[in-house]
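Trainee: Provided herewith is a single structure, encoded as structure tokens, for subsequent inquiry.
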Amino acid sequence: MIDRYNPAEIEARWQRQWEEDGLYRALIDPVRPKFYFLTMLPYPSGELHIGHWYAMTPSDAKARYMRMRGYNVLFPMGFDAFGLPAENAAIQRGVHPHEWTMSNIEKMRRQMRSMGAMFDWEREAVSCDPRYYRWTQWFFLKLYEMGLAYRKESAVDFCPRCNTTLAREQVWGEDHHCERCGTLVIKKNLTQWFFRITDYAEELLDFSQIEWPDRVVAMQTNWIGHRSEGADVTFHSDQGHPIEVFTTRPDTLWGATFMVLAPEHPLVEELSAPEYRPVMEAYRLQAARQSEIDRTAADREKTGVFIGSYAVNPVNGEHIPIWIADYVLMTYGSGAIMGVPSHDERDFAFALKFGLPIIPVILRDGAPAKSRVMAGSTDDGLAVELHGAGIPFQAVDGALYLTMTPVQADSFVHIARKYLRPGHWIEVVGARWLFIFADEDGVEIVPLDSTAAEKVIISHCHALTGGASDRRTAMELLWEVEFYRDVLYHSDYGEMIHSGLLSGTPGDRAKSDTITWLDERGIGKAAVNYRLHDWLISRQRYWGAPIPMIYCDRCGTVPVPHEELPVLLPEDVEFMPTGESPLKFHQGFLHTTCPRCGGPATRETDTMDTFMCSSWYHYAYLSPYWKAGQPITSQDTPVDPTELDYWAPVDQYTGGIEHATMHLIYTRFFTKAMRDMGLVDFDEPMTRLYNQGMVLGEDHEKMSKSRGNVISPDVLVKAFGADTVRVFLMFFARWDQGGPWDSQGIKGPSRFLDDVWSLILDPHSQSPAGKGGEAAVLRRKTHQVIRKVTEDLESFSFNTAIAAMMEFRNSLRDLKPALFGSPAWNEAVETLLLLLAPFAPHICEELWARLGKPYSIHRQSWPMWDPQLAAEEMMTLIVQVNGKVRDRLELPRDTSEEQAKSLALQSERVLRHLGGKEPQQVVYVPGRLINVVV
RNA sequence: GCCGAAGUGGCGGAACUGGCAGACGCGCACGACUCAAACUCGUGUGAGCUUAGCUCGUGUGGGUUCGAUUCCCACCUUCGGCACCA
């Protein structure tokens, strides 16, 4: 008996050795092709989780495989070290965020080393290090110079009890309550910094240069939204506030009869008339709480309130009421719309519900005019004359229903006015819009072409129905007539009507002509919108990179000169939950001098979104803390150009799907902006992307401390060794799908590695019998397993690669007595070690050394299979009768179709199932099967 | 509501381009070793039946095909994304 497999001893020893030898140091090598393999960096939360192992160790295996394939592989690691939990720890436990973060990093580095991954630790980058965030700030200044950074007022979630702004993930539940105290969260407007990511929206929708999963492409496409072309038009309130709206239908501007602002629109406060404030505030509160989440039905009932002021429609001077309603989203367009109920479905529903006037301004191509003549409203003879004039109608219970061409409608009006009895009216809708009223003094024709005319019409109608009508608008009245409904509303393009000078403009020119017209008058201009909005990067927090901006009373907003970077985070701050960045109360930080005029000035006290740090970390790894200790200018580059030129872009990125729409869009934006800065000459940061799934708890639920189903990698490493944990994580599920943990299941990989150990080291008493046939079988299996594992690694199918190696282990076990020590045997075990090395690096290194092979196995070339050796000599032909398997034939590979068919038809089992019938057809699939059809 | 992914033994999961369903592993059963247990080794393991064999079986129902887990249509369930986009 020789010594048993002892992972604890082996793993520690080799990890030390590799580190001493710099085995995984990735340096520029012009001879070998480079391969930048990147896996998402962790947040230093304190403990390495099994999820980190699940993300990192298969990536490591693939990176190791690429290295054995001859690539110069860079596989770096770092920490995304700014962020909220550090600050919470400071508030709750009084630990400084820096101290908390750095001690977590220290611990996680140790834990990560136990994975035996090929990280090049000399390229580690930690985003909260001033040598790192100096460059994050540098990027901010660059984007500012390019006009891609700007400031505007925007809403944040705010907890009135904790008196603090909240990040999105701190707002819980459908009722939007604070994570810490449960108080209902409100929105608060603050002036904040944004990046113009929407300038790149069109380009971000182009995925032609990257091989990313369809799922991610779909999610990003969804997130960015389609291109909406239209115009920004400026309205003014009666008090003179400019209110900008975005519309895709500027040609319907003359039909705008009201205006709607998003409840959280910054102007709502000022525009609300005093007597409407209580209603406004109540509505705002309700809207703030339900926004975004659970807006279940798209066609749910419209809600909204009038806020007591009016705006002027710039094209026709009409005074239109201003409402707030939650169907207008602050996050799209300008957060305000013009309500054109005649040609927008939502506006139509809203106007109908709240009794707002609806004025048609676009004709629908080919739509008829309709009219209903009520029984008893006209003198006798109308029907006869209509008939004579060739105007079709249907009579139902004495009423006439007419569906006419526009020309017929014009004649109809002419005729009908003669027959209309005093005290009655007739309306014409669709291709024509008018009301004919008759009283003792005569007949009046009122076209429905403005809100003023609409008022006249509805008051006439009220008068004629005795004032008892509760219909508030003409359209409400018309909507009651089933016969009219299909012509009352439409959203098609068509000839403009009731639109002043632009009336008569045909549908195909309406939009562009209107935009030109608006532009000439300075009322509006062409604009494009996406669902994607500009990236808000301000955080009212301490633990982030300070935004390098200074506010001077004399010079305004002044960027910190590049030479003065970094703007350091002061260490001595109070972590009181005040609602604003603690930096605001740090006098030493806050007060500074203006770089331009030297006068007194204050610093921006917000810090940057941590997604900024992670948008360029893959470049930071190439030359961590570049130019540390040296002053920098705007001409400098944040990365060593030589390293950047050699390694970038990332060839393979791996990480969780949860970053599909945030990080992975931001980092694409960053790279495109860097390209426009002249820093890189490519468009996309990561050529290939692969998303791994998630390890669930044994109860099939997401792991969480509260559920008590968390699996600790440290405990597993102690019990089984890192190699076993690695192999199990790659074996138990498809990597892209993930699955539930199985504490029994890990025994399989554990036994597998035990077996590999003893297969190779336990001598077999028998001398190699070395029969030629068995050696050939083993060689065939050896080359087959090389092929299988290679193909599986190419496609990230770690689970089936390991299954293939286990199967190979089973063959080795069977063949050991016959072949131990023979050349075929030695080839087999050496191959097995090489194939297994990326998965279980320690045990393979150890066994490789014990076999007397040259150090290190991880520097060896990946084995190649010989297709001739891998080819089977025999084939198994499946014999079916009517598609059902009835027999199997073991035949030499070179058996001809005729021979195979005749052998099949002679088979006893086949004959029995044929039951004497003659085969009608014999299907032959070479090398696979014969199907006899009767 | 729209878009996307997935449904296979007791469990995790295999199955190339339409060709032996259940590889590999866990678990379980029986046997060997052991005073015993664990470990280890061997054998078996989709279900049913009238068990040399036959029938059924990949969410459900249809279709195409000599042949369907795989392709097509409809539906059910689960998960993910988006959801009044002016």
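The chains in the structure tokens are called A, B, ... from first to last as shown; in each chain the residues are counted from 1, and the ligands are counted from 1 in the order shown.
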Write down, as an MDAnalysis selection string, each residue of chain B that has any atom within 8 Å of an atom of chain A, counting only C-alpha atoms (C1' of nucleotides).

Mentor: chainID B and resid 1 4 12:14 19:20 23:26 66:67 81:86

Trainee: Print the selection's residues with N, CA and C atoms (P, O5', C5', C4', C3', O3' and C1' of nucleotides) to a file, as a short mmCIF file (atom, residue, chain, number, x, y, z; two decimals), in the first residue's frame.

Mentor:
```
data_model
loop_
_atom_site.label_atom_id
_atom_site.label_comp_id
_atom_site.auth_asym_id
_atom_site.auth_seq_id
_atom_site.Cartn_x
_atom_site.Cartn_y
_atom_site.Cartn_z
P G B 1 -52.63 37.09 -20.91
"O5'" G B 1 -51.89 38.04 -21.95
"C5'" G B 1 -52.62 38.64 -22.99
"C4'" G B 1 -51.88 39.84 -23.47
"C3'" G B 1 -50.53 39.55 -24.09
"O3'" G B 1 -50.66 39.21 -25.45
"C1'" G B 1 -50.32 41.30 -22.52
P G B 4 -39.80 35.11 -29.22
"O5'" G B 4 -38.82 34.66 -28.05
"C5'" G B 4 -37.44 34.99 -28.10
"C4'" G B 4 -36.76 34.63 -26.80
"C3'" G B 4 -36.79 33.17 -26.40
"O3'" G B 4 -35.86 32.39 -27.13
"C1'" G B 4 -37.23 34.51 -24.51
P G B 12 -34.17 16.34 -10.26
"O5'" G B 12 -32.61 16.50 -10.43
"C5'" G B 12 -31.88 17.33 -9.54
"C4'" G B 12 -30.43 17.35 -9.94
"C3'" G B 12 -30.17 17.63 -11.41
"O3'" G B 12 -30.29 19.00 -11.69
"C1'" G B 12 -28.81 15.82 -10.70
P G B 13 -30.62 19.49 -13.16
"O5'" G B 13 -29.34 18.98 -13.93
"C5'" G B 13 -29.37 18.66 -15.30
"C4'" G B 13 -28.29 17.65 -15.57
"C3'" G B 13 -28.24 17.18 -17.00
"O3'" G B 13 -27.29 17.98 -17.68
"C1'" G B 13 -28.48 15.32 -15.57
P A B 14 -27.37 18.17 -19.21
"O5'" A B 14 -26.62 16.85 -19.63
"C5'" A B 14 -27.19 16.01 -20.49
"C4'" A B 14 -26.27 14.92 -20.88
"C3'" A B 14 -26.43 14.62 -22.35
"O3'" A B 14 -25.42 15.27 -23.08
"C1'" A B 14 -26.99 12.71 -21.09
P G B 19 -31.01 11.85 -34.91
"O5'" G B 19 -31.23 10.28 -34.81
"C5'" G B 19 -32.35 9.78 -34.09
"C4'" G B 19 -32.37 8.29 -34.19
"C3'" G B 19 -31.01 7.64 -34.07
"O3'" G B 19 -31.18 6.42 -33.38
"C1'" G B 19 -31.95 7.08 -36.16
P C B 20 -31.14 6.42 -31.81
"O5'" C B 20 -31.08 4.84 -31.59
"C5'" C B 20 -32.20 4.03 -31.92
"C4'" C B 20 -32.31 2.93 -30.89
"C3'" C B 20 -32.40 3.43 -29.46
"O3'" C B 20 -33.27 2.57 -28.74
"C1'" C B 20 -30.51 2.05 -29.68
P A B 23 -27.88 5.40 -18.40
"O5'" A B 23 -26.36 5.52 -18.86
"C5'" A B 23 -25.95 5.04 -20.13
"C4'" A B 23 -24.85 5.91 -20.68
"C3'" A B 23 -23.80 6.35 -19.66
"O3'" A B 23 -22.80 5.37 -19.50
"C1'" A B 23 -24.51 8.22 -20.90
P C B 24 -22.42 4.82 -18.08
"O5'" C B 24 -21.96 6.15 -17.34
"C5'" C B 24 -20.72 6.79 -17.66
"C4'" C B 24 -20.61 8.09 -16.90
"C3'" C B 24 -20.94 7.99 -15.41
"O3'" C B 24 -19.85 7.48 -14.67
"C1'" C B 24 -22.06 9.84 -16.31
P G B 25 -20.12 6.53 -13.43
"O5'" G B 25 -20.78 7.53 -12.39
"C5'" G B 25 -19.98 8.54 -11.79
"C4'" G B 25 -20.87 9.53 -11.07
"C3'" G B 25 -21.71 8.99 -9.93
"O3'" G B 25 -20.95 8.74 -8.77
"C1'" G B 25 -22.98 10.48 -11.24
P C B 26 -21.47 7.68 -7.74
"O5'" C B 26 -22.71 8.40 -7.05
"C5'" C B 26 -22.51 9.57 -6.26
"C4'" C B 26 -23.85 10.14 -5.86
"C3'" C B 26 -24.73 9.24 -5.02
"O3'" C B 26 -24.32 9.23 -3.66
"C1'" C B 26 -26.02 10.24 -6.71
P C B 66 -42.83 8.04 -45.10
"O5'" C B 66 -42.41 6.95 -44.03
"C5'" C B 66 -43.07 5.67 -44.04
"C4'" C B 66 -42.32 4.75 -43.10
"C3'" C B 66 -42.02 5.32 -41.74
"O3'" C B 66 -43.12 5.19 -40.86
"C1'" C B 66 -40.06 4.34 -42.62
P G B 67 -43.51 6.38 -39.92
"O5'" G B 67 -42.25 6.48 -38.95
"C5'" G B 67 -42.03 5.46 -37.97
"C4'" G B 67 -40.72 5.66 -37.28
"C3'" G B 67 -40.54 7.00 -36.58
"O3'" G B 67 -41.15 6.98 -35.31
"C1'" G B 67 -38.61 6.49 -37.84
P G B 81 -36.18 39.11 -14.04
"O5'" G B 81 -36.22 39.77 -15.49
"C5'" G B 81 -35.00 40.12 -16.15
"C4'" G B 81 -35.29 40.52 -17.56
"C3'" G B 81 -36.27 41.67 -17.74
"O3'" G B 81 -35.66 42.93 -17.54
"C1'" G B 81 -36.86 39.94 -19.22
P C B 82 -36.49 44.11 -16.84
"O5'" C B 82 -37.54 44.48 -17.98
"C5'" C B 82 -37.08 45.09 -19.18
"C4'" C B 82 -38.20 45.16 -20.18
"C3'" C B 82 -39.45 45.91 -19.73
"O3'" C B 82 -39.29 47.31 -19.74
"C1'" C B 82 -40.09 43.92 -20.81
P A B 83 -40.04 48.13 -18.56
"O5'" A B 83 -41.57 47.94 -18.93
"C5'" A B 83 -42.05 48.48 -20.15
"C4'" A B 83 -43.40 47.89 -20.45
"C3'" A B 83 -44.52 48.35 -19.54
"O3'" A B 83 -44.94 49.63 -19.95
"C1'" A B 83 -44.71 46.04 -19.94
P C B 84 -45.77 50.53 -18.97
"O5'" C B 84 -46.30 51.49 -20.12
"C5'" C B 84 -46.57 50.93 -21.41
"C4'" C B 84 -47.80 51.60 -21.95
"C3'" C B 84 -47.53 53.05 -22.31
"O3'" C B 84 -48.11 53.33 -23.57
"C1'" C B 84 -49.40 52.88 -20.86
P C B 85 -47.33 52.89 -24.90
"O5'" C B 85 -45.98 53.71 -24.77
"C5'" C B 85 -45.93 55.09 -25.12
"C4'" C B 85 -44.53 55.41 -25.58
"C3'" C B 85 -43.95 54.37 -26.54
"O3'" C B 85 -43.53 54.85 -27.78
"C1'" C B 85 -42.59 54.60 -24.57
P A B 86 -43.35 55.88 -28.60
"O5'" A B 86 -44.54 56.90 -28.48
"C5'" A B 86 -44.27 58.26 -28.75
"C4'" A B 86 -45.39 59.08 -28.21
"C3'" A B 86 -45.11 60.58 -28.14
"O3'" A B 86 -45.31 61.21 -29.39
"C1'" A B 86 -46.07 59.87 -26.12
#
```

Trainee: With a cut-off of 10 Å, could you pull out the residues of range 441-542 of chain A touching range 138-157 of chain A and give me the nearest pair of atoms for each, distance in Å to one decimal, using only C-alpha atoms, ordered by chain and ascending number, as a tab-separated table?

Mentor:
```
residue	atom	partner	partner_atom	distance
A:Asp534	CA	A:Ala149	CA	9.6
A:Trp535	CA	A:Ala149	CA	9.3
A:Leu536	CA	A:Ser154	CA	8.7
A:Ile537	CA	A:Ala149	CA	9.5
A:Ser538	CA	A:Arg151	CA	9.5
A:Arg539	CA	A:Val156	CA	9.5
A:Gln540	CA	A:Val156	CA	9.7
```

Trainee: Would you compute the distance between CA of Tyr617 in chain A and CA of Ser712 in chain A? Give it in Å to one decimal.

Mentor: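 Interatomic distance here is 27.8 Å.
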
Trainee: Residues near Tyr132 in chain A, anyone? I mean within 8 Å using only C-alpha atoms (C1' of nucleotides), not counting same-chain ones fewer than 6 positions away, as a list of chain:residue names.

Mentor: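 Here the qualifying residues turn out to be A:Ala125, A:Val126, A:Ala620, A:Pro624, A:Tyr625.
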
Trainee: Could those selected residues go to a file with N, CA and C atoms, as a compact mmCIF listing (two decimals), in the first residue's frame?

Mentor:
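Output contents, as saved in out.txt:
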```
# COMPACT_ATOMS: atom_id res chain seq x y z
N ALA A 125 -6.50 44.56 -9.43
CA ALA A 125 -6.86 45.97 -9.28
C ALA A 125 -8.04 46.07 -8.31
N VAL A 126 -7.96 47.02 -7.41
CA VAL A 126 -9.01 47.24 -6.42
C VAL A 126 -9.58 48.63 -6.64
N ALA A 620 -8.08 48.30 -16.65
CA ALA A 620 -7.22 48.59 -15.49
C ALA A 620 -6.29 47.41 -15.19
N PRO A 624 -2.22 47.76 -13.74
CA PRO A 624 -2.90 48.25 -12.55
C PRO A 624 -2.22 49.48 -11.97
N TYR A 625 -3.05 50.45 -11.60
CA TYR A 625 -2.56 51.67 -10.96
C TYR A 625 -1.48 52.34 -11.81
```

Trainee: What's around Glu604 in chain A at 6 Å? Count only C-alpha atoms (C1' of nucleotides), leave out sequence neighbours fewer than 2 positions away in its own chain, and write the answer as a list of chain:residue names.

Mentor: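 What passes the distance filter is A:Met549, A:Ile550, A:Asp606.
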
Trainee: Could those selected residues go to a file with C-alpha atoms, as an mmCIF file, in the first residue's frame?

Mentor:
```cif
data_model
loop_
_atom_site.group_PDB
_atom_site.id
_atom_site.type_symbol
_atom_site.label_atom_id
_atom_site.label_comp_id
_atom_site.auth_asym_id
_atom_site.auth_seq_id
_atom_site.Cartn_x
_atom_site.Cartn_y
_atom_site.Cartn_z
ATOM 1 C CA MET A 549 -16.171 68.975 -10.048
ATOM 2 C CA ILE A 550 -16.029 72.357 -8.340
ATOM 3 C CA ASP A 606 -21.771 63.271 -4.559
#
```

Trainee: Skip C54 in chain B itself and residues of its chain fewer than 3 positions away, then list as a PyMOL selection string all residues within 12 Å of it, counting only C-alpha atoms (C1' of nucleotides).

Mentor: (chain A and resi 886+913) or (chain B and resi 48-51)

Trainee: Just the selected residues (N, CA, C and O atoms (P, O5', C5', C4', C3', O3' and C1' of nucleotides)), exported as a PDB file, in the first residue's frame, please.

Mentor:
```
ATOM      1  N   ARG A 886     -35.708  -4.276 -32.982  1.00  0.00           N
ATOM      2  CA  ARG A 886     -35.933  -5.710 -32.791  1.00  0.00           C
ATOM      3  C   ARG A 886     -34.645  -6.499 -32.698  1.00  0.00           C
ATOM      4  O   ARG A 886     -34.652  -7.613 -32.209  1.00  0.00           O
ATOM      5  N   HIS A 913     -40.982 -10.947 -36.274  1.00  0.00           N
ATOM      6  CA  HIS A 913     -41.834  -9.750 -36.273  1.00  0.00           C
ATOM      7  C   HIS A 913     -42.414  -9.432 -37.643  1.00  0.00           C
ATOM      8  O   HIS A 913     -43.389  -8.693 -37.738  1.00  0.00           O
TER       9      HIS A 913
ATOM     10  P     G B  48     -43.724  -1.278 -11.721  1.00  0.00           P
ATOM     11  O5'   G B  48     -44.772  -1.854 -12.775  1.00  0.00           O
ATOM     12  C5'   G B  48     -46.099  -1.341 -12.796  1.00  0.00           C
ATOM     13  C4'   G B  48     -46.826  -1.836 -14.023  1.00  0.00           C
ATOM     14  C3'   G B  48     -46.920  -3.352 -14.170  1.00  0.00           C
ATOM     15  O3'   G B  48     -47.937  -3.898 -13.356  1.00  0.00           O
ATOM     16  C1'   G B  48     -46.303  -2.400 -16.242  1.00  0.00           C
ATOM     17  P     C B  49     -47.724  -5.345 -12.791  1.00  0.00           P
ATOM     18  O5'   C B  49     -47.982  -6.237 -14.078  1.00  0.00           O
ATOM     19  C5'   C B  49     -49.238  -6.172 -14.757  1.00  0.00           C
ATOM     20  C4'   C B  49     -49.145  -6.922 -16.064  1.00  0.00           C
ATOM     21  C3'   C B  49     -48.746  -8.380 -15.951  1.00  0.00           C
ATOM     22  O3'   C B  49     -49.863  -9.179 -15.599  1.00  0.00           O
ATOM     23  C1'   C B  49     -47.556  -7.353 -17.725  1.00  0.00           C
ATOM     24  P     U B  50     -49.623 -10.411 -14.657  1.00  0.00           P
ATOM     25  O5'   U B  50     -49.541 -11.595 -15.725  1.00  0.00           O
ATOM     26  C5'   U B  50     -49.012 -12.848 -15.377  1.00  0.00           C
ATOM     27  C4'   U B  50     -48.870 -13.683 -16.624  1.00  0.00           C
ATOM     28  C3'   U B  50     -47.837 -13.169 -17.612  1.00  0.00           C
ATOM     29  O3'   U B  50     -47.107 -14.253 -18.168  1.00  0.00           O
ATOM     30  C1'   U B  50     -49.928 -13.361 -18.678  1.00  0.00           C
ATOM     31  P     U B  51     -45.760 -14.714 -17.438  1.00  0.00           P
ATOM     32  O5'   U B  51     -44.527 -13.930 -18.045  1.00  0.00           O
ATOM     33  C5'   U B  51     -44.467 -13.277 -19.280  1.00  0.00           C
ATOM     34  C4'   U B  51     -43.021 -12.935 -19.441  1.00  0.00           C
ATOM     35  C3'   U B  51     -42.064 -13.989 -18.908  1.00  0.00           C
ATOM     36  O3'   U B  51     -40.966 -14.106 -19.796  1.00  0.00           O
ATOM     37  C1'   U B  51     -41.639 -11.916 -17.855  1.00  0.00           C
TER      38        U B  51
END
```

Trainee: Using DSSP on the backbone, list every residue of range 87-263 of chain A that comes out as strand (DSSP E or B), and give them as an MDAnalysis selection string.

Mentor: chainID A and resid 126 149:159 164:166 171:172 177:178 184 186:195 211 228:237 242:247 258:261

Trainee: Using C-alpha atoms, can you write the selected residues to a file as a CSV table (one decimal), in the first residue's frame?

Mentor:
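Output file out_1.csv is given in full below:
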```csv
chain,number,residue,atom,x,y,z
A,126,VAL,CA,-9.0,47.2,-6.4
A,149,ALA,CA,-21.6,64.5,-18.9
A,150,TYR,CA,-24.2,67.0,-17.8
A,151,ARG,CA,-26.2,68.0,-14.8
A,152,LYS,CA,-30.0,68.1,-14.4
A,153,GLU,CA,-32.6,67.8,-11.8
A,154,SER,CA,-33.9,64.3,-11.2
A,155,ALA,CA,-35.8,62.3,-8.7
A,156,VAL,CA,-34.3,59.9,-6.2
A,157,ASP,CA,-35.9,57.5,-3.8
A,158,PHE,CA,-35.8,58.9,-0.3
A,159,CYS,CA,-36.7,57.6,3.1
A,164,THR,CA,-31.5,59.3,3.4
A,165,THR,CA,-31.5,58.7,-0.3
A,166,LEU,CA,-31.9,55.1,-1.1
A,171,VAL,CA,-36.5,50.0,-1.8
A,172,TRP,CA,-38.5,46.9,-1.1
A,177,HIS,CA,-40.8,50.7,1.6
A,178,CYS,CA,-37.4,51.4,3.1
A,184,LEU,CA,-42.9,54.3,2.7
A,186,ILE,CA,-40.9,59.1,-1.4
A,187,LYS,CA,-39.4,60.7,-4.4
A,188,LYS,CA,-37.2,63.7,-4.0
A,189,ASN,CA,-35.7,65.9,-6.7
A,190,LEU,CA,-32.0,66.6,-6.7
A,191,THR,CA,-29.6,68.1,-9.2
A,192,GLN,CA,-27.5,65.2,-10.4
A,193,TRP,CA,-24.9,64.2,-13.0
A,194,PHE,CA,-25.8,62.1,-16.1
A,195,PHE,CA,-23.9,60.6,-19.0
A,211,GLU,CA,-20.7,36.9,-30.2
A,228,SER,CA,-38.8,56.9,-31.9
A,229,GLU,CA,-38.5,59.7,-34.3
A,230,GLY,CA,-40.5,62.9,-33.7
A,231,ALA,CA,-40.1,66.4,-32.3
A,232,ASP,CA,-39.5,68.3,-29.1
A,233,VAL,CA,-42.1,71.0,-28.9
A,234,THR,CA,-42.0,73.8,-26.3
A,235,PHE,CA,-45.3,74.9,-24.7
A,236,HIS,CA,-45.5,77.6,-22.1
A,237,SER,CA,-47.7,77.8,-19.1
A,242,PRO,CA,-41.5,76.6,-20.7
A,243,ILE,CA,-42.7,73.0,-20.8
A,244,GLU,CA,-41.1,70.7,-23.3
A,245,VAL,CA,-42.9,67.7,-24.7
A,246,PHE,CA,-41.7,65.0,-27.0
A,247,THR,CA,-44.1,63.7,-29.7
A,258,PHE,CA,-54.8,69.2,-22.8
A,259,MET,CA,-51.3,68.5,-21.4
A,260,VAL,CA,-50.2,65.8,-19.0
A,261,LEU,CA,-47.1,65.9,-16.8
```

Trainee: Env of G31 in chain B: 12 Å cut, atoms = only C-alpha atoms (C1' of nucleotides), seq-sep filter 6 positions within chain, self excluded. Answer as an mmCIF file with C-alpha atoms (C1' of nucleotides), in the first residue's frame.

Mentor:
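part.cif written:
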```
data_model
loop_
_atom_site.group_PDB
_atom_site.id
_atom_site.type_symbol
_atom_site.label_atom_id
_atom_site.label_comp_id
_atom_site.auth_asym_id
_atom_site.auth_seq_id
_atom_site.Cartn_x
_atom_site.Cartn_y
_atom_site.Cartn_z
ATOM 1 C "C1'" C B 41 -15.313 -4.070 -4.460
ATOM 2 C "C1'" G B 42 -19.131 -6.915 -7.470
ATOM 3 C "C1'" U B 43 -24.205 -7.316 -9.514
ATOM 4 C "C1'" G B 44 -28.813 -5.001 -10.451
#
```

Trainee: Neighbours of Leu689 in chain A within 7 Å (only C-alpha atoms (C1' of nucleotides); same-chain residues fewer than 6 positions away dropped), as a CSV table (one decimal) with C-alpha atoms, in the first residue's frame?

Mentor:
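Written out: out.csv:
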```
chain,number,residue,atom,x,y,z
A,211,GLU,CA,-20.7,36.9,-30.2
A,212,TRP,CA,-23.0,37.2,-27.2
A,213,PRO,CA,-25.9,34.9,-26.1
A,652,GLN,CA,-14.0,35.7,-23.6
A,653,TYR,CA,-16.1,37.2,-20.8
A,654,THR,CA,-18.0,35.1,-18.3
```
